[in-house]
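So this block is input-v1.pdb, PDB, C-alpha atoms:
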```
MODEL        1
ATOM      1  CA  MET A 254      26.722  10.495  12.222
ATOM      2  CA  SER A 255      23.663  11.010  14.425
ATOM      3  CA  VAL A 256      21.510   8.117  15.612
ATOM      4  CA  ASN A 257      18.603   9.171  13.352
ATOM      5  CA  LYS A 258      20.853   9.545  10.311
ATOM      6  CA  THR A 259      22.329   6.109  10.934
ATOM      7  CA  LYS A 260      18.877   4.566  11.287
ATOM      8  CA  ASN A 261      17.653   6.301   8.111
ATOM      9  CA  LYS A 262      20.742   5.126   6.213
ATOM     10  CA  ILE A 263      20.078   1.545   7.322
ATOM     11  CA  LEU A 264      16.407   1.827   6.318
ATOM     12  CA  ASN A 265      17.289   3.221   2.880
ATOM     13  CA  VAL A 266      19.845   0.516   2.186
ATOM     14  CA  ALA A 267      17.528  -2.207   3.515
ATOM     15  CA  SER A 268      14.645  -0.917   1.397
ATOM     16  CA  SER A 269      16.775  -1.050  -1.720
ATOM     17  CA  LEU A 270      18.141  -4.535  -1.001
ATOM     18  CA  PHE A 271      14.820  -6.027   0.108
ATOM     19  CA  GLY A 272      13.195  -4.511  -2.974
ATOM     20  CA  ARG A 273      15.829  -5.936  -5.300
ATOM     21  CA  TYR A 274      16.526  -9.360  -3.764
ATOM     22  CA  GLY A 275      13.560 -10.040  -1.498
ATOM     23  CA  PHE A 276      13.345 -10.639   2.225
ATOM     24  CA  TYR A 277      14.967 -14.067   2.340
ATOM     25  CA  LYS A 278      17.868 -13.352  -0.009
ATOM     26  CA  THR A 279      18.858 -10.174   1.833
ATOM     27  CA  SER A 280      21.063 -10.643   4.871
ATOM     28  CA  MET A 281      21.747  -8.330   7.759
ATOM     29  CA  ASP A 282      25.457  -8.736   6.930
ATOM     30  CA  GLU A 283      24.886  -7.375   3.441
ATOM     31  CA  ILE A 284      22.779  -4.475   4.712
ATOM     32  CA  ALA A 285      25.503  -3.585   7.217
ATOM     33  CA  LYS A 286      28.207  -3.820   4.556
ATOM     34  CA  ILE A 287      26.433  -1.580   2.036
ATOM     35  CA  ALA A 288      25.302   0.870   4.740
ATOM     36  CA  ARG A 289      28.934   0.937   5.928
ATOM     37  CA  ARG A 290      27.867   0.236   9.479
ATOM     38  CA  ALA A 291      28.811  -2.447  11.929
ATOM     39  CA  LYS A 292      26.301  -5.273  12.127
ATOM     40  CA  GLY A 293      25.830  -4.361  15.799
ATOM     41  CA  SER A 294      24.584  -0.959  14.652
ATOM     42  CA  LEU A 295      21.733  -2.667  12.811
ATOM     43  CA  TYR A 296      20.780  -4.610  15.917
ATOM     44  CA  TYR A 297      20.979  -1.440  18.002
ATOM     45  CA  HIS A 298      18.153   0.010  15.895
ATOM     46  CA  PHE A 299      16.262  -3.172  14.959
ATOM     47  CA  LYS A 300      15.811  -6.332  17.032
ATOM     48  CA  SER A 301      15.769  -8.556  13.958
ATOM     49  CA  LYS A 302      15.628  -8.649  10.190
ATOM     50  CA  GLU A 303      11.843  -9.014  10.533
ATOM     51  CA  ASP A 304      11.667  -5.755  12.523
ATOM     52  CA  LEU A 305      13.796  -3.979   9.930
ATOM     53  CA  PHE A 306      11.627  -5.276   7.066
ATOM     54  CA  THR A 307       8.476  -4.274   8.960
ATOM     55  CA  ASP A 308       9.807  -0.716   9.305
ATOM     56  CA  VAL A 309      10.685  -0.624   5.598
ATOM     57  CA  VAL A 310       7.173  -1.746   4.611
ATOM     58  CA  GLU A 311       5.670   0.669   7.132
ATOM     59  CA  ILE A 312       7.469   3.556   5.411
ATOM     60  CA  GLU A 313       5.960   2.502   2.066
ATOM     61  CA  ILE A 314       2.509   2.285   3.638
ATOM     62  CA  LYS A 315       2.898   5.717   5.292
ATOM     63  CA  ASN A 316       3.848   7.175   1.918
ATOM     64  CA  LEU A 317       0.800   5.517   0.351
ATOM     65  CA  LYS A 318      -1.489   6.938   3.047
ATOM     66  CA  LYS A 319       0.045  10.397   2.840
ATOM     67  CA  GLN A 320      -0.415  10.656  -0.910
ATOM     68  CA  LEU A 321      -3.901   9.141  -0.898
ATOM     69  CA  SER A 322      -4.935  11.503   1.903
ATOM     70  CA  VAL A 323      -4.193  14.440  -0.380
ATOM     71  CA  ILE A 324      -6.945  13.121  -2.654
ATOM     72  CA  THR A 325      -9.431  12.134   0.055
ATOM     73  CA  ASN A 326      -9.029  15.472   1.847
ATOM     74  CA  ASP A 327      -9.535  17.556  -1.306
ATOM     75  CA  ASN A 328     -12.883  19.266  -0.728
ATOM     76  CA  ASN A 329     -12.923  20.579  -4.296
ATOM     77  CA  LEU A 330     -13.364  17.112  -5.803
ATOM     78  CA  SER A 331     -16.748  15.469  -6.291
ATOM     79  CA  ALA A 332     -17.009  11.929  -4.948
ATOM     80  CA  ASP A 333     -17.002  10.273  -8.385
ATOM     81  CA  ILE A 334     -13.786  12.066  -9.373
ATOM     82  CA  LYS A 335     -12.292  11.480  -5.924
ATOM     83  CA  ILE A 336     -12.827   7.701  -5.975
ATOM     84  CA  LYS A 337     -11.426   7.505  -9.502
ATOM     85  CA  LYS A 338      -8.304   9.498  -8.559
ATOM     86  CA  TYR A 339      -7.941   7.465  -5.347
ATOM     87  CA  MET A 340      -8.005   4.106  -7.139
ATOM     88  CA  ILE A 341      -5.621   5.181  -9.899
ATOM     89  CA  LYS A 342      -3.166   6.773  -7.459
ATOM     90  CA  ARG A 343      -3.344   3.702  -5.190
ATOM     91  CA  MET A 344      -2.319   1.371  -7.981
ATOM     92  CA  GLU A 345       0.382   3.780  -9.177
ATOM     93  CA  LEU A 346       1.892   4.022  -5.687
ATOM     94  CA  LEU A 347       1.740   0.299  -5.019
ATOM     95  CA  ASN A 348       3.361  -0.360  -8.381
ATOM     96  CA  SER A 349       6.490   1.347  -7.064
ATOM     97  CA  ALA A 350       6.320  -0.179  -3.555
ATOM     98  CA  ALA A 351       8.710  -3.091  -4.127
ATOM     99  CA  ASN A 352       8.759  -4.209  -0.504
ATOM    100  CA  TYR A 353       4.973  -4.279  -0.303
ATOM    101  CA  HIS A 354       5.140  -6.611  -3.344
ATOM    102  CA  GLU A 355       7.366  -8.892  -1.281
ATOM    103  CA  THR A 356       4.548  -9.242   1.270
ATOM    104  CA  ILE A 357       2.143 -10.225  -1.517
ATOM    105  CA  LYS A 358       4.579 -12.901  -2.743
ATOM    106  CA  ALA A 359       4.919 -14.206   0.788
ATOM    107  CA  ASP A 360       1.174 -14.797   0.988
ATOM    108  CA  PHE A 361       1.577 -17.488  -1.664
ATOM    109  CA  PHE A 362       4.622 -19.247  -0.285
ATOM    110  CA  GLU A 363       4.930 -18.506   3.394
ATOM    111  CA  HIS A 364       3.101 -15.953   5.402
ATOM    112  CA  PHE A 365       4.947 -12.964   6.905
ATOM    113  CA  ASN A 366       2.912 -12.948  10.103
ATOM    114  CA  PHE A 367       5.177 -10.238  11.512
ATOM    115  CA  ILE A 368       3.560  -7.664   9.195
ATOM    116  CA  ASP A 369      -0.052  -8.781   9.599
ATOM    117  CA  ASP A 370      -0.806  -5.816  11.855
ATOM    118  CA  LEU A 371       0.473  -3.368   9.228
ATOM    119  CA  ARG A 372      -1.636  -4.887   6.486
ATOM    120  CA  SER A 373      -4.739  -5.136   8.676
ATOM    121  CA  GLU A 374      -4.339  -1.516   9.719
ATOM    122  CA  LEU A 375      -3.976  -0.482   6.059
ATOM    123  CA  ASP A 376      -7.181  -2.359   5.178
ATOM    124  CA  LYS A 377      -9.015  -0.611   8.009
ATOM    125  CA  TRP A 378      -7.617   2.789   6.978
ATOM    126  CA  GLU A 379      -8.621   2.241   3.337
ATOM    127  CA  LYS A 380     -12.123   1.110   4.252
ATOM    128  CA  ASP A 381     -12.562   4.283   6.284
ATOM    129  CA  LYS A 382     -11.333   6.510   3.430
ATOM    130  CA  ILE A 383     -13.445   4.763   0.797
ATOM    131  CA  LYS A 384     -16.479   4.861   3.092
ATOM    132  CA  ASN A 385     -16.030   8.617   3.453
ATOM    133  CA  ILE A 386     -15.868   9.035  -0.326
ATOM    134  CA  ILE A 387     -19.012   6.941  -0.828
ATOM    135  CA  SER A 388     -20.818   8.878   1.931
ATOM    136  CA  GLN A 389     -19.768  12.123   0.250
ATOM    137  CA  GLY A 390     -21.208  10.796  -3.018
ATOM    138  CA  VAL A 391     -24.478   9.924  -1.303
ATOM    139  CA  ASN A 392     -24.653  13.437   0.179
ATOM    140  CA  GLU A 393     -23.939  14.934  -3.249
ATOM    141  CA  GLY A 394     -26.737  12.819  -4.753
ATOM    142  CA  ILE A 395     -24.259  11.017  -7.039
ATOM    143  CA  PHE A 396     -24.129   7.605  -5.334
ATOM    144  CA  GLU A 397     -26.853   5.275  -4.128
ATOM    145  CA  ASN A 398     -27.247   5.108  -0.346
ATOM    146  CA  GLN A 399     -25.290   2.051   0.848
ATOM    147  CA  ASN A 400     -26.144   2.201   4.565
ATOM    148  CA  ASN A 401     -27.488  -1.364   4.760
ATOM    149  CA  ASN A 402     -24.705  -2.826   2.632
ATOM    150  CA  MET A 403     -21.787  -0.490   3.360
ATOM    151  CA  GLU A 404     -19.595  -2.955   5.283
ATOM    152  CA  VAL A 405     -20.105  -5.701   2.720
ATOM    153  CA  LEU A 406     -19.410  -3.252  -0.124
ATOM    154  CA  LEU A 407     -16.197  -2.084   1.567
ATOM    155  CA  ASP A 408     -15.034  -5.660   2.200
ATOM    156  CA  VAL A 409     -15.663  -6.581  -1.444
ATOM    157  CA  LEU A 410     -13.893  -3.453  -2.725
ATOM    158  CA  ILE A 411     -10.825  -4.244  -0.612
ATOM    159  CA  MET A 412     -10.888  -7.861  -1.841
ATOM    160  CA  VAL A 413     -11.078  -6.670  -5.443
ATOM    161  CA  LEU A 414      -8.217  -4.220  -4.927
ATOM    162  CA  LYS A 415      -6.068  -6.901  -3.284
ATOM    163  CA  GLY A 416      -7.004  -9.362  -6.015
ATOM    164  CA  LEU A 417      -5.709  -6.931  -8.633
ATOM    165  CA  GLU A 418      -2.384  -6.602  -6.836
ATOM    166  CA  ILE A 419      -1.319 -10.128  -7.799
ATOM    167  CA  PRO A 420      -1.523  -9.814 -11.596
ATOM    168  CA  PHE A 421      -0.534  -6.142 -11.622
ATOM    169  CA  PHE A 422       2.552  -6.357  -9.456
ATOM    170  CA  LEU A 423       3.653  -9.988  -9.290
ATOM    171  CA  GLN A 424       2.882 -10.892 -12.878
ATOM    172  CA  ASN A 425       4.033  -7.487 -14.173
ATOM    173  CA  LYS A 426       0.738  -6.641 -15.883
ATOM    174  CA  TYR A 427       0.413  -3.134 -14.425
ATOM    175  CA  GLN A 428       1.851  -1.408 -17.522
ATOM    176  CA  LYS A 429      -0.368  -3.472 -19.811
ATOM    177  CA  TYR A 430      -3.608  -2.605 -18.011
ATOM    178  CA  SER A 431      -2.954   0.853 -16.577
ATOM    179  CA  PRO A 432      -4.098   2.623 -19.788
ATOM    180  CA  TYR A 433      -7.542   1.043 -19.239
ATOM    181  CA  PHE A 434      -8.000   2.121 -15.601
ATOM    182  CA  ASP A 435     -10.269   5.038 -16.537
ATOM    183  CA  ASN A 436     -12.706   2.778 -18.360
ATOM    184  CA  LEU A 437     -12.626   0.123 -15.621
ATOM    185  CA  LEU A 438     -13.310   2.724 -12.959
ATOM    186  CA  LYS A 439     -16.313   3.998 -14.907
ATOM    187  CA  ILE A 440     -17.852   0.578 -14.229
ATOM    188  CA  LEU A 441     -17.239   0.951 -10.488
ATOM    189  CA  ILE A 442     -18.612   4.486 -10.433
ATOM    190  CA  LYS A 443     -21.650   3.473 -12.480
ATOM    191  CA  GLY A 444     -22.322   0.654 -10.008
ATOM    192  CA  LEU A 445     -22.262   3.120  -7.101
ATOM    193  CA  SER A 446     -24.346   5.745  -8.935
ATOM    194  CA  LYS A 447     -28.048   6.346  -8.550
TER     195      LYS A 447
ENDMDL
END
```
Could you take the file, read its structure, and then write that structure out as structure tokens?
Amino acid sequence: MSVNKTKNKILNVASSLFGRYGFYKTSMDEIAKIARRAKGSLYYHFKSKEDLFTDVVEIEIKNLKKQLSVITNDNNLSADIKIKKYMIKRMELLNSAANYHETIKADFFEHFNFIDDLRSELDKWEKDKIKNIISQGVNEGIFENQNNNMEVLLDVLIMVLKGLEIPFFLQNKYQKYSPYFDNLLKILIKGLSK
């Protein structure tokens, strides 16, 4: 098996195990056993369990960005529709990102400082995308100009989104509230509108 195939196999197995049992209850021994690789093979590709988990979460984040970029790059969507689709798709994707959920849990009990850079970079990326949507809405005459308050607005939006992650994903309330996303997003869009 090629080096890349071996690494991908390890990542797939690790993603499944971390997602099912969590970071602390998943051992490198178990990953090696299920991947049918020697434990040394894991350490050839990843310096530590933390590095392996970081790569697993990074794959989830890349998938999130890729799918959200399809929406943000769609020039046929007006800004109000784009922000609505973005928010709904974001929650849908994060609902299935089991390893990202593990990082949220860790914030309550013990911090996974080894993935701070990933999460900070995601926040920065999202702020940029949301800012572009809001700017598009201003240019279309749909949204109020936020130039003086844009950074504060973006910080608050990210805080709200992160605040929703806890009940949605850790308390399993996503299914209960997802049918109401359209109505909730109307409030956000109305608040941005002229």
Which is closer to Leu417 in chain A than all the others in A:Gln320, A:Ser268, A:Thr259, A:Asn348, using only C-alpha atoms?
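Ranked by minimum distance to Leu417 in chain A, first place goes to A:Asn348.
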Could the centre and edge lengths of an axis-aligned box, enclosing all atoms of range 289-301 of chain A in the file with 4 Å extra on each side, be given in Å to one decimal as AutoDock Vina command-line options?
```
--center_x 22.4 --center_y -3.8 --center_z 12.0 --size_x 21.2 --size_y 17.5 --size_z 20.1
```
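The shortest atom-to-atom distance to Glu379 in chain A, with all atoms listed in the file taken into account, belongs to A:Thr325 out of A:Asn366, A:Gln428, A:Thr325, A:Asn402.
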Residue nearest Ser431 in chain A among A:Arg343, A:His354, A:Lys447, A:Lys302 (counting all atoms listed in the file):
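Once distances to Ser431 in chain A are computed over all atoms listed in the file, the minimum belongs to A:Arg343.
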Min atom-atom distance to Lys335 in chain A from the set A:Ser322, A:Ser373, A:Ser269, A:Asn425, counting only C-alpha atoms, belongs to A:Ser322
Which residue of A:Lys338, A:Ile395, A:Lys315, A:Asn352 approaches Glu374 in chain A most closely, using all atoms listed in the file:
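Using all atoms listed in the file, the shortest distance to Glu374 in chain A belongs to A:Lys315.
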Selection result for the PyMOL selection byres ((chain A and resi 274-279) around 10) on this file, as a list of chain:residue names:
A:Ala267, A:Ser268, A:Ser269, A:Leu270, A:Phe271, A:Gly272, A:Arg273, A:Ser280, A:Met281, A:Asp282, A:Glu283, A:Ile284, A:Lys302, A:Glu303, A:Phe306, A:Ala351, A:Asn352, A:His354, A:Glu355, A:Thr356, A:Lys358, A:Ala359, A:Phe365
Please write the residues picked by the PyMOL selection byres ((chain A and resi 288) around 10) on this file as a list in words.
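With the shown file as input, the PyMOL selection byres ((chain A and resi 288) around 10) matches Thr259, Lys260, Asn261, Lys262, Ile263, Leu264, Asn265, Val266, Ala267, Asp282, Glu283, Ile284, Ala285, Lys286, Ile287, Arg289, Arg290, Ala291, Lys292 and Leu295 of chain A.
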A straight line from CA of Phe421 in chain A to CA of Lys318 in chain A spans 19.7 Å
Within 9 Å of Leu317 in chain A, counting all atoms listed in the file, which residues qualify if same-chain residues fewer than 4 places away don't, as an NGL selection string?
:A and (312-313 or 321-322 or 342-343 or 346-347 or 350)
